[in-house]
Amino acid sequence: MPRFFITDGSLSPTATEAVLTGEEARHVSLSLRMAVGEELTLSDGEGNEYRARLTSLTPERCVAEVLAVAPSDTEYPFPVRLFMAYPKGDKLETVIEKAVELGATEITPFFSSRCVRRPAEDKSARLLSRYNKIAVAAAGQCGRARLPRVGETLSYGGMLAAAAAYETVLFCYEGALTRPIAEVLGPLDSPRSLAVVVGSEGGFSEEEATAAREAGMAMTGLGKRILRCETAPLVALSCIGYRYGFGKKE
């Protein structure tokens, strides 16, 4: 069933009607060629799913009757934020797409000392818009009900400060004094929040790792192999999914 996000505040658990406009309306009427009477799934971006039936549609405006609403079972009961050091090429786009599929609620790029790519400031707004479109598309494709967000790029110090708000922060590091990710996650039966920090090509410097350790992050190993920077966050998020989400039934 087609799925769309309506995040302008008009969709709530008490709503009886939903309206799609702009690109979404064109997609419903022209691309999907849906008709009056067909059903679709809507989400308010806050974790609720709405089953709705089209009552009218044009390329500019589609109206649907809300038939039922329920909390989604596709979301973790706690936020999972990925902090990703800026990689080369289009790797960040791939990471965003896959991280959304694996349950990340927010993806935040940051600059570390070994980042090779540093986009010009005049391109940052355009890139951020593109990254968020990728996140929305991935969320719709995989059946998410909470709209993931890609945040503005932070400095290393900014990342440390933002990550401090999370109960547990996994600092993925190939150096010494790390604990296996299964050991870190094992005692956390019901975390309030989780964050994952991953480096770019070349990983982190010893000084950066020391700063992360002093900030209280859990120095986390992902196995004996050295993973590519675009692979490491997906492994970490998959481990979180295995521990807290995959195949679990209430």
# chains A, B, ... in the order shown; residues from 1 in each chain; ligands from 1
>>> residues_around(residues="stretch 213-228 of chain A", least_positions_apart="6", cutoff="12 Å", atoms="only C-alpha atoms", output="ChimeraX atom specification")
/A:87-88,91,95,157,159-185,194-204,206-207,234-239
>>> select_by_dssp(residues="stretch 144-196 of chain A", states="helix (DSSP H, G or I)", output="list in words")
Tyr156, Gly157, Gly158, Met159, Leu160, Ala161, Ala162, Ala163, Ile181, Ala182, Glu183, Val184 and Leu185 of chain A
>>> closest_atom_pairs(of="stretch 150-215 of chain A", to="stretch 130-133 of chain A", cutoff="12 Å", atoms="only C-alpha atoms", output="CSV")
residue,atom,partner,partner_atom,distance
A:Val150,CA,A:Asn132,CA,5.5
A:Gly151,CA,A:Asn132,CA,8.5
A:Glu152,CA,A:Tyr131,CA,10.1
A:Thr153,CA,A:Tyr131,CA,11.5
>>> write_last_selection(atoms="N, CA and C atoms", output="mmCIF file, in the first residue's frame")
data_model
loop_
_atom_site.group_PDB
_atom_site.id
_atom_site.type_symbol
_atom_site.label_atom_id
_atom_site.label_comp_id
_atom_site.auth_asym_id
_atom_site.auth_seq_id
_atom_site.Cartn_x
_atom_site.Cartn_y
_atom_site.Cartn_z
ATOM 1 N N VAL A 150 18.047 14.490 9.010
ATOM 2 C CA VAL A 150 19.482 14.670 8.815
ATOM 3 C C VAL A 150 19.823 16.082 9.273
ATOM 4 N N GLY A 151 20.706 16.204 10.236
ATOM 5 C CA GLY A 151 21.021 17.504 10.806
ATOM 6 C C GLY A 151 22.201 18.178 10.127
ATOM 7 N N GLU A 152 22.411 19.417 10.477
ATOM 8 C CA GLU A 152 23.533 20.169 9.938
ATOM 9 C C GLU A 152 24.860 19.598 10.448
ATOM 10 N N THR A 153 25.896 19.786 9.650
ATOM 11 C CA THR A 153 27.206 19.228 9.975
ATOM 12 C C THR A 153 27.816 19.956 11.172
#
>>> closest_residue(among="A:Arg114, A:Arg81, A:Arg51, A:His27", to="A:Cys229", atoms="only C-alpha atoms")
A:Arg114
>>> residues_around(residues="A:Glu65", least_positions_apart="6", cutoff="10 Å", atoms="only C-alpha atoms", output="list in words")
Ala15, Thr16, Glu17, Ala18, Val19, Gly37, Glu39, Tyr50, Arg51, Ala52, Arg53, Leu54, Thr55 and Ser56 of chain A
>>> closest_residue(among="A:Gly186, A:Arg117, A:Ala211, A:Asp73", to="A:Tyr242", atoms="only C-alpha atoms")
A:Gly186
>>> select_by_dssp(residues="stretch 26-243 of chain A", states="strand (DSSP E)", output="MDAnalysis selection string")
chainID A and resid 39:43 48:57 61:71 80:85 106:110 149:150 168:172 179:180 194:198 218:221
>>> atom_distance(atom1="atom CA of A:Leu128", atom2="atom CA of A:Glu24")
20.2 Å
>>> atom_distance(atom1="atom CA of A:Ala137", atom2="atom CA of A:Ile240")
22.3 Å
>>> closest_residue(among="A:Tyr156, A:Thr14, A:Val69, A:Ala25", to="A:Glu208", atoms="only C-alpha atoms")
A:Tyr156
>>> atom_distance(atom1="atom CA of A:Ser124", atom2="atom CA of A:Ile107")
15.2 Å
>>> closest_residue(among="A:Ser112, A:Thr74, A:Ser155, A:Thr231", to="A:Tyr244", atoms="only C-alpha atoms")
A:Thr74
>>> closest_residue(among="A:Val136, A:Ala145, A:Leu154, A:Leu127", to="A:Phe111", atoms="only C-alpha atoms")
A:Leu154
